[in-house]
Amino acid sequence: MSTTETVQLMDGTGLAGRTVEETAAKAAEIARRTGTSPCLATVLVGEDPASVTYVRMKRARCAKAGIRSRHIALPATTSTAELIGVLEGLSDDPGVHGILLQHPCGPHIDERAAFEAIAPEKDVDGVTMHSFAAMSFSSPGFVSCTPGGIMRLLEAYDVELAGKHAVVVGRSAILGKPAGMLLLAKDATVTYCHSRTADLSAFVREADVVVAAVGRPRLIRGEDIKRGAVVIDAGYNPGNVGDVDFATARTRARLITPVPGGVGPMTIAVLLAQTVEAAARQLGVGHS
């Protein structure tokens with residue numbers, strides 16, 4: 001029997017809204033107790049239209065959550081050394097609790113070197129090697145925001161991960177790789193695949209949970225989804241198209257994220273939540 005009628009869309013927009021409401025309440029409590037509102041510094045190199053839009057959106061969400069934002073716009077000619085200097089300055093500034101370097105920064109920038117200039121306690125985007133190690137070893141730290149949002153979605157929909165086979169398609173340092181580590185920490189059996197995997201379909205067909213994070217439109221064929229599987233589409237391509245062939249996949253999956261409205265809203269929600277958590281730690285405010 002087809003599962004078309006029983007598939008459930010995972011509502012990232014709704015969960016993100018609830019997460020931001022909780023975050024706003026925590027931000028207000030921090031401000032009440034310390035006289036200081038949490039502050040996120042956003043750093044943008046150049047004027048890439050998509051990046052400008054993303055930063056503007058993140059700052060607007062900050063304002064709604066009671067988080068101050070400080071924006072540093074740098075010219076496209078900024079060197080890696082200059083960018084590192086800015087990030088180190090923000091890391092040393094007690095008035096800044098979280099730092100977001102909007103990427104990509106441009107081909108002339110050594111992004112890894114720039115990320116590593118962010119102090120771990122302010123790495124609310126989860127982009128440093130320190131944060132990746134913390135995710136891998138289940139140690140205190142901040143998770144990469146999109147994988148963190150994925151895990152919150154799975155928890156909200158009571159997806160049992162222990163003993164399940166999770167296939168992560170994608171191996172980026174801030175999405176695919178950390179997503180696999182977080183799933184592994186929940187006792188899932190994790191297989192990493194990517195655009196060069198031979199016979200990708202064979203792996204997808206065996207997956208109880210599919211996380212698509214490779215950045216190629218409809219790379220994951222709907223007919224390869226195991227019946228009753230959970231499908232997380234973290235891809236976003238022009239035309240509101242994900243990495244999964246949604247129309248067919250939804251006839252086989254038990255749970256699936258739409259694009260847009262699935263993983264995307266959760267990414268920003270986790271960024272805001274981690275900024276407030278960073279402020280609480282730095283200001284010495286415990287959870288009540």
# chains A, B, ... in the order shown; residues from 1 in each chain; ligands from 1

$ select_by_dssp --residues "stretch 66-263 of chain A" --states "helix (DSSP H, G or I)" --output "PyMOL selection string"
chain A and resi 80-92+111-115+120-122+129-136+145-156+176-185+200-205+222-224+246-249+263

$ closest_residue --among "A:Ile67, A:Cys39, A:Ile232, A:Leu271" --to "A:Ala212" --atoms "only C-alpha atoms"
A:Ile232

$ residues_around --residues "stretch 261-263 of chain A" --least-positions-apart "6" --cutoff "7 Å" --atoms "only C-alpha atoms" --output "list of chain:residue names"
A:Met10, A:Asp11, A:Gly12, A:Thr13, A:Gly149, A:Ile150, A:Ala234

$ select_by_dssp --residues "stretch 52-273 of chain A" --states "strand (DSSP E or B)" --output "PyMOL selection string"
chain A and resi 68-74+98-101+165-169+189-193+209-212+220+230-233+237+241+244+255-256

$ write_last_selection --atoms "N, CA, C and O atoms" --output "tab-separated table (two decimals), in the first residue's frame"
chain	number	residue	atom	x	y	z
A	68	ARG	N	20.84	41.62	20.47
A	68	ARG	CA	21.47	42.73	19.76
A	68	ARG	C	22.36	42.16	18.66
A	68	ARG	O	22.94	41.08	18.81
A	69	SER	N	22.49	42.89	17.57
A	69	SER	CA	23.41	42.46	16.52
A	69	SER	C	24.34	43.61	16.16
A	69	SER	O	23.92	44.77	16.13
A	70	ARG	N	25.57	43.25	15.92
A	70	ARG	CA	26.57	44.22	15.48
A	70	ARG	C	27.10	43.74	14.14
A	70	ARG	O	27.61	42.62	14.03
A	71	HIS	N	26.93	44.56	13.12
A	71	HIS	CA	27.31	44.13	11.78
A	71	HIS	C	28.60	44.79	11.33
A	71	HIS	O	28.74	46.01	11.43
A	72	ILE	N	29.52	43.97	10.85
A	72	ILE	CA	30.78	44.48	10.31
A	72	ILE	C	30.83	44.12	8.83
A	72	ILE	O	30.94	42.94	8.47
A	73	ALA	N	30.69	45.14	7.98
A	73	ALA	CA	30.74	44.95	6.53
A	73	ALA	C	32.14	45.31	6.05
A	73	ALA	O	32.60	46.44	6.23
A	74	LEU	N	32.81	44.33	5.45
A	74	LEU	CA	34.17	44.52	4.96
A	74	LEU	C	34.19	44.53	3.44
A	74	LEU	O	33.40	43.81	2.80
A	98	GLY	N	28.55	36.18	20.55
A	98	GLY	CA	28.60	35.21	19.47
A	98	GLY	C	29.09	35.87	18.19
A	98	GLY	O	28.89	37.07	17.99
A	99	ILE	N	29.75	35.08	17.33
A	99	ILE	CA	30.30	35.61	16.09
A	99	ILE	C	29.85	34.74	14.92
A	99	ILE	O	29.99	33.51	14.96
A	100	LEU	N	29.33	35.38	13.88
A	100	LEU	CA	28.94	34.69	12.66
A	100	LEU	C	29.72	35.28	11.50
A	100	LEU	O	29.57	36.47	11.18
A	101	LEU	N	30.57	34.47	10.87
A	101	LEU	CA	31.24	34.88	9.64
A	101	LEU	C	30.43	34.32	8.48
A	101	LEU	O	30.37	33.10	8.29
A	165	HIS	N	19.91	2.74	10.53
A	165	HIS	CA	20.93	3.04	9.53
A	165	HIS	C	20.67	4.42	8.95
A	165	HIS	O	19.65	4.64	8.29
A	166	ALA	N	21.56	5.34	9.23
A	166	ALA	CA	21.44	6.71	8.71
A	166	ALA	C	22.46	6.91	7.59
A	166	ALA	O	23.65	6.66	7.78
A	167	VAL	N	21.99	7.36	6.45
A	167	VAL	CA	22.88	7.65	5.33
A	167	VAL	C	22.93	9.16	5.15
A	167	VAL	O	21.89	9.80	4.92
A	168	VAL	N	24.12	9.72	5.30
A	168	VAL	CA	24.34	11.15	5.11
A	168	VAL	C	24.98	11.35	3.74
A	168	VAL	O	26.07	10.84	3.48
A	169	VAL	N	24.30	12.07	2.88
A	169	VAL	CA	24.83	12.33	1.54
A	169	VAL	C	25.37	13.75	1.53
A	169	VAL	O	24.63	14.72	1.49
A	189	THR	N	23.73	3.92	13.14
A	189	THR	CA	24.84	3.41	12.33
A	189	THR	C	24.91	4.30	11.10
A	189	THR	O	23.94	4.41	10.34
A	190	VAL	N	26.04	4.99	10.93
A	190	VAL	CA	26.12	6.08	9.95
A	190	VAL	C	26.99	5.69	8.76
A	190	VAL	O	28.10	5.19	8.92
A	191	THR	N	26.46	5.93	7.57
A	191	THR	CA	27.22	5.80	6.33
A	191	THR	C	27.30	7.17	5.67
A	191	THR	O	26.27	7.83	5.50
A	192	TYR	N	28.52	7.59	5.33
A	192	TYR	CA	28.71	8.83	4.58
A	192	TYR	C	28.78	8.52	3.10
A	192	TYR	O	29.55	7.66	2.66
A	193	CYS	N	27.99	9.24	2.32
A	193	CYS	CA	28.07	9.18	0.86
A	193	CYS	C	28.26	10.60	0.34
A	193	CYS	O	28.16	11.57	1.09
A	209	VAL	N	17.13	6.42	7.74
A	209	VAL	CA	17.14	7.88	7.80
A	209	VAL	C	18.08	8.37	6.70
A	209	VAL	O	19.23	7.92	6.61
A	210	VAL	N	17.60	9.27	5.87
A	210	VAL	CA	18.42	9.87	4.81
A	210	VAL	C	18.59	11.35	5.12
A	210	VAL	O	17.59	12.06	5.33
A	211	VAL	N	19.83	11.81	5.17
A	211	VAL	CA	20.11	13.24	5.30
A	211	VAL	C	20.80	13.68	4.01
A	211	VAL	O	21.93	13.28	3.72
A	212	ALA	N	20.10	14.47	3.22
A	212	ALA	CA	20.63	14.93	1.94
A	212	ALA	C	21.23	16.31	2.11
A	212	ALA	O	20.52	17.26	2.44
A	220	ILE	N	18.95	12.80	-4.96
A	220	ILE	CA	18.38	11.61	-4.34
A	220	ILE	C	17.05	11.29	-5.02
A	220	ILE	O	16.09	12.06	-4.93
A	230	VAL	N	12.77	8.04	7.05
A	230	VAL	CA	12.71	9.46	7.41
A	230	VAL	C	13.68	10.19	6.49
A	230	VAL	O	14.85	9.80	6.39
A	231	VAL	N	13.22	11.23	5.83
A	231	VAL	CA	14.03	11.95	4.84
A	231	VAL	C	14.20	13.40	5.27
A	231	VAL	O	13.22	14.14	5.40
A	232	ILE	N	15.45	13.76	5.48
A	232	ILE	CA	15.80	15.14	5.84
A	232	ILE	C	16.53	15.76	4.65
A	232	ILE	O	17.64	15.33	4.29
A	233	ASP	N	15.92	16.76	4.04
A	233	ASP	CA	16.51	17.41	2.87
A	233	ASP	C	17.10	18.75	3.30
A	233	ASP	O	16.38	19.73	3.50
A	237	ASN	N	18.47	24.62	-3.54
A	237	ASN	CA	18.95	24.97	-4.87
A	237	ASN	C	18.00	25.97	-5.51
A	237	ASN	O	16.86	26.12	-5.06
A	241	VAL	N	14.26	24.16	-4.81
A	241	VAL	CA	14.41	22.73	-5.07
A	241	VAL	C	15.45	22.16	-4.11
A	241	VAL	O	16.53	22.74	-3.93
A	244	VAL	N	16.53	16.22	-2.77
A	244	VAL	CA	15.70	15.02	-2.90
A	244	VAL	C	14.57	15.29	-3.88
A	244	VAL	O	14.00	16.39	-3.90
A	255	LEU	N	8.29	10.25	7.18
A	255	LEU	CA	8.48	11.65	7.53
A	255	LEU	C	9.41	12.27	6.50
A	255	LEU	O	10.40	11.64	6.09
A	256	ILE	N	9.14	13.52	6.11
A	256	ILE	CA	10.01	14.19	5.14
A	256	ILE	C	9.96	15.69	5.38
A	256	ILE	O	8.91	16.23	5.76

$ residues_around --residues "stretch 120-129 of chain A" --least-positions-apart "4" --cutoff "6 Å" --atoms "only C-alpha atoms" --output "VMD selection string"
chain A and resid 97 to 99 115 to 116 142 to 145 174 274 to 275

$ residues_around --residues "A:Ala76" --least-positions-apart "5" --cutoff "12 Å" --atoms "only C-alpha atoms" --output "list in words"
Leu44, Val45, Gly46, Glu47, Asp48, Glu82, Leu83, Pro104, Cys105, Gly106, Pro107, His108 and Ile109 of chain A

$ residues_around --residues "A:Arg227" --least-positions-apart "6" --cutoff "12 Å" --atoms "only C-alpha atoms" --output "ChimeraX atom specification"
/A:1-4,6-7,204-210,248-256

$ atom_distance --atom1 "atom CA of A:Pro38" --atom2 "atom CA of A:Asp92"
15.5 Å

$ atom_distance --atom1 "atom CA of A:Arg216" --atom2 "atom CA of A:Asp243"
5.4 Å

$ closest_residue --among "A:Gly95, A:Gly180, A:Gly35, A:Gly17" --to "A:Gln282" --atoms "only C-alpha atoms"
A:Gly95

$ atom_distance --atom1 "atom CA of A:Gly148" --atom2 "atom CA of A:Leu183"
10.3 Å

$ closest_residue --among "A:Leu283, A:Val86, A:Val214, A:Ala229" --to "A:Ser172" --atoms "only C-alpha atoms"
A:Val214

$ residues_around --residues "A:Gly66" --least-positions-apart "2" --cutoff "7 Å" --atoms "only C-alpha atoms" --output "list in words"
Ala24, Ala27, Ala28, Cys62, Ala63, Lys64 and Arg68 of chain A

$ closest_residue --among "A:Glu21, A:Ser131, A:Asp110, A:Arg171" --to "A:Thr197" --atoms "only C-alpha atoms"
A:Arg171
